[in-house]
Structure formats: C-alpha cells, structure tokens
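Have a look at run_21.cif below; it lists mmCIF, C-alpha atoms and all ligand atoms.
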data_entry
loop_
_atom_site.group_PDB
_atom_site.id
_atom_site.type_symbol
_atom_site.label_atom_id
_atom_site.label_comp_id
_atom_site.auth_asym_id
_atom_site.auth_seq_id
_atom_site.Cartn_x
_atom_site.Cartn_y
_atom_site.Cartn_z
ATOM 1 C CA MET A 1 15.074 -10.744 23.636
ATOM 2 C CA SER A 2 16.871 -12.002 20.527
ATOM 3 C CA GLY A 3 19.145 -15.028 20.558
ATOM 4 C CA LYS A 4 22.503 -15.020 18.785
ATOM 5 C CA ASP A 5 22.337 -15.709 15.058
ATOM 6 C CA ASN A 6 24.372 -18.811 14.273
ATOM 7 C CA ILE A 7 21.971 -20.235 11.674
ATOM 8 C CA TYR A 8 24.671 -20.580 9.000
ATOM 9 C CA SER A 9 27.611 -21.402 11.267
ATOM 10 C CA GLN A 10 27.725 -25.116 10.383
ATOM 11 C CA TYR A 11 28.664 -26.334 6.913
ATOM 12 C CA ARG A 12 25.630 -27.298 4.812
ATOM 13 C CA GLU A 13 25.838 -29.601 1.814
ATOM 14 C CA ARG A 14 22.948 -27.702 0.256
ATOM 15 C CA VAL A 15 21.928 -24.174 1.233
ATOM 16 C CA ALA A 16 18.164 -23.667 0.788
ATOM 17 C CA ASP A 17 16.541 -20.339 -0.070
ATOM 18 C CA PHE A 18 16.181 -18.016 2.902
ATOM 19 C CA VAL A 19 12.760 -17.904 4.609
ATOM 20 C CA PHE A 20 11.492 -15.795 7.501
ATOM 21 C CA ASP A 21 10.514 -18.754 9.691
ATOM 22 C CA GLU A 22 10.578 -19.338 13.463
ATOM 23 C CA SER A 23 14.317 -20.034 13.590
ATOM 24 C CA VAL A 24 14.989 -16.663 11.937
ATOM 25 C CA VAL A 25 12.469 -14.884 14.157
ATOM 26 C CA SER A 26 14.201 -16.170 17.291
ATOM 27 C CA VAL A 27 17.494 -14.471 16.282
ATOM 28 C CA PHE A 28 16.191 -11.724 13.987
ATOM 29 C CA GLU A 29 17.200 -8.678 16.033
ATOM 30 C CA ASP A 30 20.781 -9.942 16.323
ATOM 31 C CA MET A 31 20.840 -10.995 12.656
ATOM 32 C CA ILE A 32 19.705 -7.689 11.188
ATOM 33 C CA ARG A 33 21.880 -5.594 13.510
ATOM 34 C CA ARG A 34 24.994 -7.579 12.546
ATOM 35 C CA SER A 35 24.111 -7.878 8.837
ATOM 36 C CA VAL A 36 22.864 -4.439 7.794
ATOM 37 C CA PRO A 37 25.389 -1.650 8.311
ATOM 38 C CA GLY A 38 23.590 1.396 9.685
ATOM 39 C CA TYR A 39 20.421 -0.490 10.636
ATOM 40 C CA ALA A 40 20.317 1.219 14.054
ATOM 41 C CA THR A 41 20.693 4.631 12.414
ATOM 42 C CA VAL A 42 17.888 3.939 9.932
ATOM 43 C CA ILE A 43 15.560 2.842 12.731
ATOM 44 C CA ALA A 44 16.503 5.791 14.958
ATOM 45 C CA MET A 45 15.908 8.251 12.126
ATOM 46 C CA THR A 46 12.556 6.608 11.323
ATOM 47 C CA LYS A 47 11.390 8.187 14.591
ATOM 48 C CA VAL A 48 12.697 11.573 13.474
ATOM 49 C CA PHE A 49 10.950 11.329 10.088
ATOM 50 C CA ALA A 50 7.709 10.484 11.910
ATOM 51 C CA GLU A 51 8.142 13.567 14.100
ATOM 52 C CA GLN A 52 8.859 15.822 11.133
ATOM 53 C CA TYR A 53 6.203 14.616 8.707
ATOM 54 C CA ALA A 54 3.289 13.623 10.933
ATOM 55 C CA GLN A 55 -0.003 15.099 9.881
ATOM 56 C CA PRO A 56 -2.929 15.018 12.309
ATOM 57 C CA GLY A 57 -5.496 12.318 11.595
ATOM 58 C CA SER A 58 -3.267 10.411 9.166
ATOM 59 C CA ASN A 59 -2.078 6.827 8.775
ATOM 60 C CA TYR A 60 1.462 5.490 9.021
ATOM 61 C CA TYR A 61 2.460 2.265 7.312
ATOM 62 C CA ASP A 62 5.298 -0.124 8.152
ATOM 63 C CA LEU A 63 5.492 -2.496 5.181
ATOM 64 C CA GLY A 64 7.507 -5.619 5.942
ATOM 65 C CA CYS A 65 7.410 -4.809 9.652
ATOM 66 C CA SER A 66 9.206 -7.980 10.901
ATOM 67 C CA LEU A 67 9.299 -7.534 14.692
ATOM 68 C CA GLY A 68 8.049 -3.957 14.556
ATOM 69 C CA ALA A 69 11.288 -1.987 15.024
ATOM 70 C CA SER A 70 10.168 0.731 12.593
ATOM 71 C CA THR A 71 6.637 0.688 14.004
ATOM 72 C CA LEU A 72 7.945 1.326 17.523
ATOM 73 C CA ALA A 73 10.243 4.059 16.221
ATOM 74 C CA MET A 74 7.336 5.801 14.470
ATOM 75 C CA ARG A 75 5.185 5.353 17.558
ATOM 76 C CA LYS A 76 7.745 7.292 19.604
ATOM 77 C CA GLY A 77 7.920 10.037 16.990
ATOM 78 C CA ILE A 78 4.237 10.684 16.388
ATOM 79 C CA ILE A 79 3.118 13.725 18.346
ATOM 80 C CA GLN A 80 0.094 14.665 16.241
ATOM 81 C CA PRO A 81 -3.403 13.586 17.355
ATOM 82 C CA GLY A 82 -5.601 11.027 15.600
ATOM 83 C CA CYS A 83 -2.832 9.000 13.920
ATOM 84 C CA LYS A 84 -2.716 5.237 13.455
ATOM 85 C CA ILE A 85 0.074 2.858 12.414
ATOM 86 C CA VAL A 86 -0.604 -0.092 10.121
ATOM 87 C CA ALA A 87 2.155 -2.747 10.300
ATOM 88 C CA VAL A 88 2.199 -5.543 7.713
ATOM 89 C CA ASP A 89 4.252 -8.681 7.194
ATOM 90 C CA ASN A 90 3.545 -11.964 5.412
ATOM 91 C CA SER A 91 5.573 -14.132 7.814
ATOM 92 C CA ALA A 92 3.245 -15.672 10.413
ATOM 93 C CA ALA A 93 6.173 -16.254 12.788
ATOM 94 C CA MET A 94 7.238 -12.592 12.536
ATOM 95 C CA ILE A 95 3.715 -11.292 13.074
ATOM 96 C CA GLU A 96 3.112 -13.488 16.114
ATOM 97 C CA ARG A 97 6.243 -12.146 17.845
ATOM 98 C CA CYS A 98 5.610 -8.600 16.587
ATOM 99 C CA ARG A 99 2.202 -8.600 18.273
ATOM 100 C CA GLU A 100 3.827 -9.528 21.619
ATOM 101 C CA ILE A 101 6.507 -6.853 21.264
ATOM 102 C CA VAL A 102 4.029 -4.106 20.350
ATOM 103 C CA ALA A 103 1.704 -5.182 23.196
ATOM 104 C CA ASN A 104 4.576 -4.609 25.655
ATOM 105 C CA ASP A 105 5.302 -1.110 24.323
ATOM 106 C CA VAL A 106 3.816 1.819 26.176
ATOM 107 C CA SER A 107 2.328 4.331 23.777
ATOM 108 C CA GLU A 108 -1.121 5.665 23.070
ATOM 109 C CA VAL A 109 -0.730 5.559 19.276
ATOM 110 C CA PRO A 110 -2.944 2.737 17.928
ATOM 111 C CA VAL A 111 -1.213 0.021 15.895
ATOM 112 C CA GLU A 112 -2.991 -2.433 13.572
ATOM 113 C CA ILE A 113 -0.875 -5.488 12.823
ATOM 114 C CA HIS A 114 -1.732 -7.501 9.723
ATOM 115 C CA LEU A 115 -0.485 -10.867 8.511
ATOM 116 C CA ALA A 116 -0.678 -10.088 4.778
ATOM 117 C CA ASP A 117 1.241 -9.515 1.609
ATOM 118 C CA ILE A 118 2.170 -5.842 1.426
ATOM 119 C CA ARG A 119 0.695 -5.757 -2.084
ATOM 120 C CA ASP A 120 -2.761 -6.583 -0.733
ATOM 121 C CA VAL A 121 -3.002 -3.831 1.861
ATOM 122 C CA PRO A 122 -4.831 -0.659 0.838
ATOM 123 C CA ILE A 123 -2.702 2.428 1.471
ATOM 124 C CA GLU A 124 -4.848 5.435 2.246
ATOM 125 C CA ASN A 125 -4.688 8.794 3.992
ATOM 126 C CA ALA A 126 -0.986 8.199 4.689
ATOM 127 C CA SER A 127 1.478 10.810 5.843
ATOM 128 C CA MET A 128 4.365 8.333 6.093
ATOM 129 C CA VAL A 129 5.089 4.939 4.596
ATOM 130 C CA VAL A 130 8.149 3.004 5.701
ATOM 131 C CA MET A 131 9.674 0.175 3.722
ATOM 132 C CA ASN A 132 12.837 -0.602 5.620
ATOM 133 C CA PHE A 133 14.604 -3.379 3.675
ATOM 134 C CA THR A 134 11.434 -4.991 2.268
ATOM 135 C CA LEU A 135 10.984 -3.975 -1.396
ATOM 136 C CA GLN A 136 14.144 -5.981 -2.130
ATOM 137 C CA PHE A 137 12.192 -9.181 -1.366
ATOM 138 C CA LEU A 138 9.358 -8.414 -3.794
ATOM 139 C CA ALA A 139 9.558 -9.872 -7.310
ATOM 140 C CA PRO A 140 11.068 -7.123 -9.492
ATOM 141 C CA ASP A 141 8.042 -7.030 -11.808
ATOM 142 C CA LYS A 142 5.801 -6.214 -8.824
ATOM 143 C CA ARG A 143 7.827 -3.268 -7.587
ATOM 144 C CA ASP A 144 6.492 -0.522 -9.894
ATOM 145 C CA ALA A 145 2.904 -1.242 -8.875
ATOM 146 C CA MET A 146 3.856 -1.308 -5.177
ATOM 147 C CA ILE A 147 5.525 2.099 -5.334
ATOM 148 C CA GLN A 148 2.594 3.506 -7.323
ATOM 149 C CA THR A 149 0.126 2.239 -4.705
ATOM 150 C CA ILE A 150 2.175 3.972 -2.016
ATOM 151 C CA TYR A 151 2.374 7.234 -3.956
ATOM 152 C CA ASP A 152 -1.385 7.199 -4.600
ATOM 153 C CA GLY A 153 -2.124 6.537 -0.917
ATOM 154 C CA LEU A 154 0.084 9.313 0.449
ATOM 155 C CA ARG A 155 -1.294 12.723 1.315
ATOM 156 C CA PRO A 156 0.408 15.743 -0.252
ATOM 157 C CA GLY A 157 3.418 16.491 1.968
ATOM 158 C CA GLY A 158 3.744 12.812 2.814
ATOM 159 C CA VAL A 159 6.975 10.846 2.761
ATOM 160 C CA LEU A 160 8.069 7.366 1.769
ATOM 161 C CA LEU A 161 11.136 6.074 3.589
ATOM 162 C CA LEU A 162 12.641 3.426 1.323
ATOM 163 C CA SER A 163 15.664 1.568 2.697
ATOM 164 C CA GLU A 164 17.295 -1.104 0.561
ATOM 165 C CA LYS A 165 20.346 -3.165 -0.179
ATOM 166 C CA ILE A 166 21.596 -1.932 -3.554
ATOM 167 C CA THR A 167 23.835 -3.038 -6.379
ATOM 168 C CA PHE A 168 26.155 -0.973 -8.593
ATOM 169 C CA ALA A 169 26.405 -0.818 -12.392
ATOM 170 C CA ASP A 170 30.185 -0.310 -12.243
ATOM 171 C CA ALA A 171 31.826 -3.714 -11.685
ATOM 172 C CA ASP A 172 34.769 -2.344 -9.648
ATOM 173 C CA LYS A 173 32.479 -0.388 -7.366
ATOM 174 C CA GLN A 174 30.184 -3.386 -6.962
ATOM 175 C CA THR A 175 33.133 -5.538 -5.891
ATOM 176 C CA PHE A 176 34.391 -2.887 -3.480
ATOM 177 C CA GLU A 177 30.990 -2.286 -1.823
ATOM 178 C CA MET A 178 30.188 -5.998 -1.565
ATOM 179 C CA ASP A 179 33.617 -6.869 -0.168
ATOM 180 C CA MET A 180 33.332 -4.091 2.396
ATOM 181 C CA HIS A 181 29.910 -5.356 3.414
ATOM 182 C CA HIS A 182 31.359 -8.825 3.922
ATOM 183 C CA GLU A 183 34.179 -7.285 5.979
ATOM 184 C CA PHE A 184 31.533 -5.502 8.056
ATOM 185 C CA LYS A 185 29.854 -8.864 8.719
ATOM 186 C CA LYS A 186 33.164 -10.389 9.792
ATOM 187 C CA LEU A 187 33.728 -7.407 12.085
ATOM 188 C CA MET A 188 30.305 -8.187 13.566
ATOM 189 C CA GLY A 189 31.459 -11.728 14.378
ATOM 190 C CA TYR A 190 30.274 -13.755 11.382
ATOM 191 C CA SER A 191 32.736 -16.311 9.978
ATOM 192 C CA ALA A 192 33.631 -16.521 6.278
ATOM 193 C CA LEU A 193 31.509 -19.714 6.110
ATOM 194 C CA GLU A 194 28.484 -17.939 7.610
ATOM 195 C CA VAL A 195 28.875 -15.031 5.191
ATOM 196 C CA ALA A 196 29.169 -17.377 2.191
ATOM 197 C CA GLN A 197 26.222 -19.603 3.155
ATOM 198 C CA LYS A 198 23.950 -16.649 3.993
ATOM 199 C CA ARG A 199 24.854 -15.055 0.682
ATOM 200 C CA LYS A 200 23.903 -18.261 -1.133
ATOM 201 C CA SER A 201 20.591 -18.512 0.761
ATOM 202 C CA LEU A 202 19.635 -14.990 -0.307
ATOM 203 C CA GLU A 203 20.713 -15.077 -3.950
ATOM 204 C CA ASN A 204 17.262 -15.976 -5.334
ATOM 205 C CA VAL A 205 15.320 -14.206 -2.619
ATOM 206 C CA LEU A 206 16.822 -10.747 -2.080
ATOM 207 C CA LEU A 207 17.194 -9.068 -5.469
ATOM 208 C CA PRO A 208 18.892 -5.686 -5.114
ATOM 209 C CA GLU A 209 18.667 -2.936 -7.725
ATOM 210 C CA THR A 210 20.779 0.128 -8.381
ATOM 211 C CA LEU A 211 20.141 3.452 -6.715
ATOM 212 C CA GLU A 212 19.385 4.860 -10.174
ATOM 213 C CA SER A 213 16.637 2.247 -10.766
ATOM 214 C CA HIS A 214 15.017 3.098 -7.442
ATOM 215 C CA LYS A 215 15.123 6.821 -8.185
ATOM 216 C CA ALA A 216 13.700 6.326 -11.689
ATOM 217 C CA ARG A 217 10.821 4.194 -10.341
ATOM 218 C CA LEU A 218 10.013 6.761 -7.659
ATOM 219 C CA LYS A 219 10.060 9.564 -10.207
ATOM 220 C CA SER A 220 7.770 7.781 -12.637
ATOM 221 C CA ALA A 221 5.327 7.045 -9.794
ATOM 222 C CA GLY A 222 5.081 10.811 -9.199
ATOM 223 C CA PHE A 223 7.578 11.519 -6.403
ATOM 224 C CA THR A 224 9.113 14.860 -7.357
ATOM 225 C CA LYS A 225 11.767 15.022 -4.631
ATOM 226 C CA THR A 226 13.858 12.007 -3.632
ATOM 227 C CA TYR A 227 16.777 12.473 -1.274
ATOM 228 C CA LEU A 228 19.453 9.918 -0.459
ATOM 229 C CA TRP A 229 19.816 10.604 3.258
ATOM 230 C CA PHE A 230 21.793 7.482 4.265
ATOM 231 C CA GLN A 231 24.277 5.133 2.638
ATOM 232 C CA CYS A 232 26.807 2.714 4.057
ATOM 233 C CA PHE A 233 28.401 0.468 1.424
ATOM 234 C CA ASN A 234 25.589 -1.366 -0.399
ATOM 235 C CA PHE A 235 22.812 -0.254 1.935
ATOM 236 C CA MET A 236 20.960 3.008 1.543
ATOM 237 C CA SER A 237 17.840 4.875 2.492
ATOM 238 C CA LEU A 238 15.841 7.326 0.407
ATOM 239 C CA ALA A 239 13.246 9.833 1.522
ATOM 240 C CA ALA A 240 10.748 10.372 -1.305
ATOM 241 C CA PHE A 241 8.246 13.219 -1.005
ATOM 242 C CA LYS A 242 4.808 13.702 -2.501
ATOM 243 C CA GLU A 243 4.278 17.407 -3.104
HETATM 244 C C1 LIG B 301 12.842 -3.681 10.236
HETATM 245 N N1 LIG B 301 11.412 -3.511 8.279
HETATM 246 O O1 LIG B 301 13.210 -4.286 11.260
HETATM 247 N N2 LIG B 301 4.614 -8.954 2.073
HETATM 248 C C2 LIG B 301 4.782 -8.750 3.389
HETATM 249 N N3 LIG B 301 5.968 -8.883 4.026
HETATM 250 C C3 LIG B 301 7.011 -9.278 3.278
HETATM 251 C C4 LIG B 301 6.923 -9.532 1.911
HETATM 252 C C5 LIG B 301 5.655 -9.354 1.293
HETATM 253 N N4 LIG B 301 5.477 -9.557 -0.008
HETATM 254 N N5 LIG B 301 8.143 -9.908 1.445
HETATM 255 C C6 LIG B 301 8.972 -9.905 2.519
HETATM 256 N N6 LIG B 301 8.296 -9.529 3.619
HETATM 257 C C7 LIG B 301 12.074 -4.445 9.193
HETATM 258 C C8 LIG B 301 13.003 -5.383 8.498
HETATM 259 S S1 LIG B 301 13.087 -7.630 6.915
HETATM 260 C C9 LIG B 301 14.582 -7.217 6.158
HETATM 261 C C10 LIG B 301 12.414 -6.016 7.274
HETATM 262 C C11 LIG B 301 15.617 -8.242 6.223
HETATM 263 C C12 LIG B 301 8.811 -9.352 4.978
HETATM 264 C C13 LIG B 301 9.578 -10.532 5.545
HETATM 265 O O2 LIG B 301 8.713 -11.499 6.107
HETATM 266 C C14 LIG B 301 10.468 -9.856 6.572
HETATM 267 O O3 LIG B 301 9.898 -9.847 7.851
HETATM 268 C C15 LIG B 301 10.620 -8.427 6.049
HETATM 269 O O4 LIG B 301 9.754 -8.297 4.933
HETATM 270 C C16 LIG B 301 12.033 -8.061 5.601
HETATM 271 O O5 LIG B 301 13.094 -2.494 10.025
HETATM 272 O O6 LIG B 301 15.448 -9.251 6.907
HETATM 273 O O7 LIG B 301 16.678 -8.023 5.540
#
Transcribe the structure of this file into structure tokens.
Amino acid sequence: MSGKDNIYSQYRERVADFVFDESVVSVFEDMIRRSVPGYATVIAMTKVFAEQYAQPGSNYYDLGCSLGASTLAMRKGIIQPGCKIVAVDNSAAMIERCREIVANDVSEVPVEIHLADIRDVPIENASMVVMNFTLQFLAPDKRDAMIQTIYDGLRPGGVLLLSEKITFADADKQTFEMDMHHEFKKLMGYSALEVAQKRKSLENVLLPETLESHKARLKSAGFTKTYLWFQCFNFMSLAAFKE
C-alpha cells in the first residue's frame, strides 16, 4: 500500500536530481497516479494489448518495471500457453518491493524479475515489450540502440508499447501542454512549490523528446506501423508493430 507523496512539500534550498530510492518507492503508486495524466488508462490498456497480441510460447518484457504495475496488467491479459514475463529495473529499492507485490499476485504466468539496466537484458522471442515511461530516463544517445534491440527481439506480429512524457517543437504548444500538466498536478493535490521542486529535480534526469522523434526512431529501427493510441497533454503512448 503506497503512502502519500509529499517528498517535495517542504522548501529545499537545493533540489538534488531525482533518484528512485526507498523514499520514492514508499510513495511511488501515489506519485505516479497523481503525476502522470492517464497513467491508470495506460496500465489498464496494457492488459488489453497483452490479450490481443499474445503469441503462445513467447516472452513479454516490462522494461523499467518499477513496482510491476505493467507486469501485473500483462499477467492478467495473457491467455496463451507457455508465456513468460521478464520484468527489469535498475533500482534495487523498486525491485525489492516489486518482488513482494508480484509474489502476492495470483496468476500462473511465470515472472522473472531482474535488477539490471534495461540495456543489458537480452530481448528474445518477444511478442510484447512494454516501456511505460522508462525510455525518457535513458541517455538520449542510448535510445536508438535500445529501440533496435527491442525490434530485433520481437517476433513478427509483436508489439512495443512505448509510453512517454513528450515535448513539442512549437513553443506555444509546449507552454500550453506543460501548463496544463502542472494544472493537472495541482488538481491532484500538489502545491505550486511541490510542482516547481519536482520539476527541478527531474530536469537533468527525465529528458523528453517530441512525438516526431519517437516515430522517426521507431521507423528507422524497422517498425512499419506506429499508432498513437493515447495522449493527454504531454504524455502519450505509442503502439509500434513488427510486421
Ligand atoms: C509503471 N513502468 O508503473 N534500466 C532499468 N530501469 C531503469 C533505467 C535503466 N536504465 N532507467 C530508469 N529505470 C512503470 C513506471 S518509472 C516512470 C516506470 C516514472 C527505471 C526506474 O528505476 C524507474 O523504476 C522506472 O524506470 C521509471 O508502469 O517514475 O515516471
């Protein structure tokens, strides 16, 4: 059960870069629900994608699994025999709690949980790869190789679900989408101080790109069909298919 996120509620002289440590883990479910518009929809639809695109005897990957929300969603959706989920995160605190959460879930679908960098995990025989709000934390010069590894490891007919915070080339639109996101956070109970300090903590850590950059990268990796199936302000999700 998640505590309430009040990590940035007190004024800080100096705001350090954001890290996924134990204090974040203890409030993570509350934090992500109140910070990412549409998070619940993305997770709920992750189950539906798993149902639709499962292939018997294939692997499912949850890259940047945090506490396993996408893993549990896929687990509910998989109806084909012989499938396995591989969940990966490089935060020891996240993985420790994720293991407890997955252990308490009732499902027959096997889950392997790895404490590792997502770049170091072989992707093979995959029918679905989920990166829900994780690529944005990878150094930009590592992102092409990551997407290529995923493409190469997918079976034909497989899908990559790529959910990200995005930025906009048009300055007016960028201001509008960012302001509306901050309004969303206030609606969710965060103060202006919390919004400002969290924003500062993420500025060197979460590096968003435009929708066009994501689509171009997916295309050059080999994905022939990429559909934007969800967007709310500066958060979106793409389904990219390997034919
Ligand atoms: C969810 N998908 O609930 N290797 C492994 N893990 C990483 C790396 C990396 N290089 N970089 C960041 N992470 C989840 C939410 S949160 C999104 C994902 C957010 C991990 C990091 O430790 C964290 O757990 C996760 O990616 C990002 O659907 O907090 O905005």
**Q.** Near-ligand residues for ligand LIG 301 (chain B), threshold 9 Å, only C-alpha atoms and all ligand atoms, as an MDAnalysis selection string
**A.** chainID A and resid 19:21 24:25 28:29 31:32 35:36 39 42:43 62:71 88:95 115:120 130:139 163:165 206
**Q.** Expansion of the PyMOL selection byres (((chain A and resi 124) around 7) and not hetatm) into residues, as a ChimeraX atom specification
**A.** /A:122-123,125-126,153-154
Store the residues picked out above, limited to C-alpha atoms, as a JSON list (two decimals), keeping the file's coordinate frame.
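File selection-v8.json, as written:
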[["chain", "number", "residue", "atom", "x", "y", "z"],
["A", 122, "PRO", "CA", -4.83, -0.66, 0.84],
["A", 123, "ILE", "CA", -2.70, 2.43, 1.47],
["A", 125, "ASN", "CA", -4.69, 8.79, 3.99],
["A", 126, "ALA", "CA", -0.99, 8.20, 4.69],
["A", 153, "GLY", "CA", -2.12, 6.54, -0.92],
["A", 154, "LEU", "CA", 0.08, 9.31, 0.45]]
(Q) Running the PyMOL selection byres (((chain A and resi 86) around 6) and not hetatm) on this model by hand, what would come out? Give it as a PyMOL selection string. (A) chain A and resi 61+85+87+111-112
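For the pair atom CA of Ala239 of chain A and atom CA of Asp30 of chain A, the interatomic distance is 25.8 Å.
Note on the selection: in this file the PyMOL selection byres (((chain A and resi 196) around 12) and not hetatm) comes out as Tyr8, Ser9, Gln10, Tyr11, Arg12, Val15, Asp179, His182, Glu183, Lys185, Lys186, Tyr190, Ser191, Ala192, Leu193, Glu194, Val195, Gln197, Lys198, Arg199, Lys200, Ser201, Leu202 and Glu203 of chain A.
Checking A:Ile147, A:Cys232, A:Leu162, A:Ala54 one by one against His181 of chain A, counting all atoms listed in the file, you find the shortest gap at A:Cys232.
Using all atoms listed in the file, the shortest contact distance between Met236 of chain A and any of A:Gly38, A:Gly77, A:Pro110, A:Gly157 is found at A:Gly38.
Shortest separation to Lys215 of chain A among A:Thr175, A:Phe235, A:Pro156, A:Asp144 occurs at residue A:Asp144, atoms counted being all atoms listed in the file.
The two atoms in question, atom CA of Gln231 of chain A and atom CA of Lys47 of chain A, are spaced 17.8 Å apart.
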Q: Can you work out the spacing between atom CA of Asp172 of chain A and atom CA of Thr226 of chain A in Å, to one decimal?
A: 26.1 Å
Box for segment 79-95 of chain A - axis-aligned, 5 Å on each of the six sides, all listed atoms - centre and size in Å to one decimal, as JSON.
{"center_x": 0.8, "center_y": -0.8, "center_z": 11.9, "size_x": 22.8, "size_y": 40.9, "size_z": 22.9}
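Of the listed residues A:Asn104, A:Pro140, A:Ser220, A:Tyr151, the one whose atoms come nearest to Val205 of chain A is A:Pro140, with distances taken using all atoms listed in the file.
Among the candidates A:Ala171, A:Leu228, A:Leu160, A:Met180, the residue lying nearest to Lys242 of chain A is A:Leu160 (atoms considered: only C-alpha atoms).
Using only C-alpha atoms for every distance, the candidate list A:Met128, A:Ala73, A:Met146, A:Ala240 yields A:Ala73 as the residue closest to Val102 of chain A.
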Q) So which residues touch Asp105 of chain A within 10 Å, counting only C-alpha atoms, skipping near sequence neighbours fewer than 6 positions away, as a ChimeraX atom specification? A) /A:72,75-76
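Within 10 Å of the point (4.4, 14.3, 14.7) in file coordinates, and counting all atoms listed in the file, lie the residues Lys47, Val48, Phe49, Ala50, Glu51, Gln52, Tyr53, Ala54, Gln55, Pro56, Met74, Arg75, Lys76, Gly77, Ile78, Ile79, Gln80, Pro81, Cys83 and Ser127 of chain A.
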Restricted to N, CA and C atoms, what does segment 119-134 of chain A look like when written out as a PDB file, in the first residue's frame?
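And here is the file that came out, decode.pdb:
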ATOM      1  N   ARG A 119      19.355  -1.940 -20.735  1.00  0.00           N
ATOM      2  CA  ARG A 119      20.207  -2.090 -21.920  1.00  0.00           C
ATOM      3  C   ARG A 119      20.985  -3.395 -21.892  1.00  0.00           C
ATOM      4  N   ASP A 120      21.055  -4.017 -20.714  1.00  0.00           N
ATOM      5  CA  ASP A 120      21.875  -5.231 -20.577  1.00  0.00           C
ATOM      6  C   ASP A 120      21.057  -6.517 -20.642  1.00  0.00           C
ATOM      7  N   VAL A 121      19.759  -6.381 -20.853  1.00  0.00           N
ATOM      8  CA  VAL A 121      18.906  -7.573 -20.830  1.00  0.00           C
ATOM      9  C   VAL A 121      18.634  -8.036 -22.259  1.00  0.00           C
ATOM     10  N   PRO A 122      18.993  -9.282 -22.578  1.00  0.00           N
ATOM     11  CA  PRO A 122      18.697  -9.752 -23.939  1.00  0.00           C
ATOM     12  C   PRO A 122      17.185  -9.817 -24.163  1.00  0.00           C
ATOM     13  N   ILE A 123      16.755  -9.324 -25.304  1.00  0.00           N
ATOM     14  CA  ILE A 123      15.319  -9.396 -25.649  1.00  0.00           C
ATOM     15  C   ILE A 123      15.197 -10.467 -26.732  1.00  0.00           C
ATOM     16  N   GLU A 124      14.451 -11.509 -26.427  1.00  0.00           N
ATOM     17  CA  GLU A 124      14.343 -12.579 -27.428  1.00  0.00           C
ATOM     18  C   GLU A 124      12.963 -13.220 -27.386  1.00  0.00           C
ATOM     19  N   ASN A 125      12.547 -13.696 -28.559  1.00  0.00           N
ATOM     20  CA  ASN A 125      11.284 -14.432 -28.681  1.00  0.00           C
ATOM     21  C   ASN A 125      10.118 -13.656 -28.049  1.00  0.00           C
ATOM     22  N   ALA A 126      10.115 -12.337 -28.248  1.00  0.00           N
ATOM     23  CA  ALA A 126       9.116 -11.495 -27.578  1.00  0.00           C
ATOM     24  C   ALA A 126       7.882 -11.295 -28.455  1.00  0.00           C
ATOM     25  N   SER A 127       6.714 -11.356 -27.825  1.00  0.00           N
ATOM     26  CA  SER A 127       5.522 -10.925 -28.569  1.00  0.00           C
ATOM     27  C   SER A 127       5.063  -9.553 -28.090  1.00  0.00           C
ATOM     28  N   MET A 128       5.531  -9.122 -26.923  1.00  0.00           N
ATOM     29  CA  MET A 128       5.173  -7.782 -26.440  1.00  0.00           C
ATOM     30  C   MET A 128       6.288  -7.243 -25.541  1.00  0.00           C
ATOM     31  N   VAL A 129       6.646  -6.005 -25.811  1.00  0.00           N
ATOM     32  CA  VAL A 129       7.603  -5.304 -24.945  1.00  0.00           C
ATOM     33  C   VAL A 129       6.923  -4.025 -24.482  1.00  0.00           C
ATOM     34  N   VAL A 130       6.946  -3.804 -23.188  1.00  0.00           N
ATOM     35  CA  VAL A 130       6.344  -2.595 -22.620  1.00  0.00           C
ATOM     36  C   VAL A 130       7.437  -1.704 -22.051  1.00  0.00           C
ATOM     37  N   MET A 131       7.421  -0.456 -22.473  1.00  0.00           N
ATOM     38  CA  MET A 131       8.268   0.553 -21.824  1.00  0.00           C
ATOM     39  C   MET A 131       7.348   1.694 -21.435  1.00  0.00           C
ATOM     40  N   ASN A 132       6.740   1.544 -20.269  1.00  0.00           N
ATOM     41  CA  ASN A 132       5.816   2.576 -19.799  1.00  0.00           C
ATOM     42  C   ASN A 132       6.588   3.614 -18.987  1.00  0.00           C
ATOM     43  N   PHE A 133       6.904   4.733 -19.650  1.00  0.00           N
ATOM     44  CA  PHE A 133       7.553   5.889 -19.005  1.00  0.00           C
ATOM     45  C   PHE A 133       8.974   5.570 -18.508  1.00  0.00           C
ATOM     46  N   THR A 134       9.747   4.885 -19.335  1.00  0.00           N
ATOM     47  CA  THR A 134      11.114   4.496 -18.953  1.00  0.00           C
ATOM     48  C   THR A 134      12.172   5.007 -19.929  1.00  0.00           C
TER      49      THR A 134
END
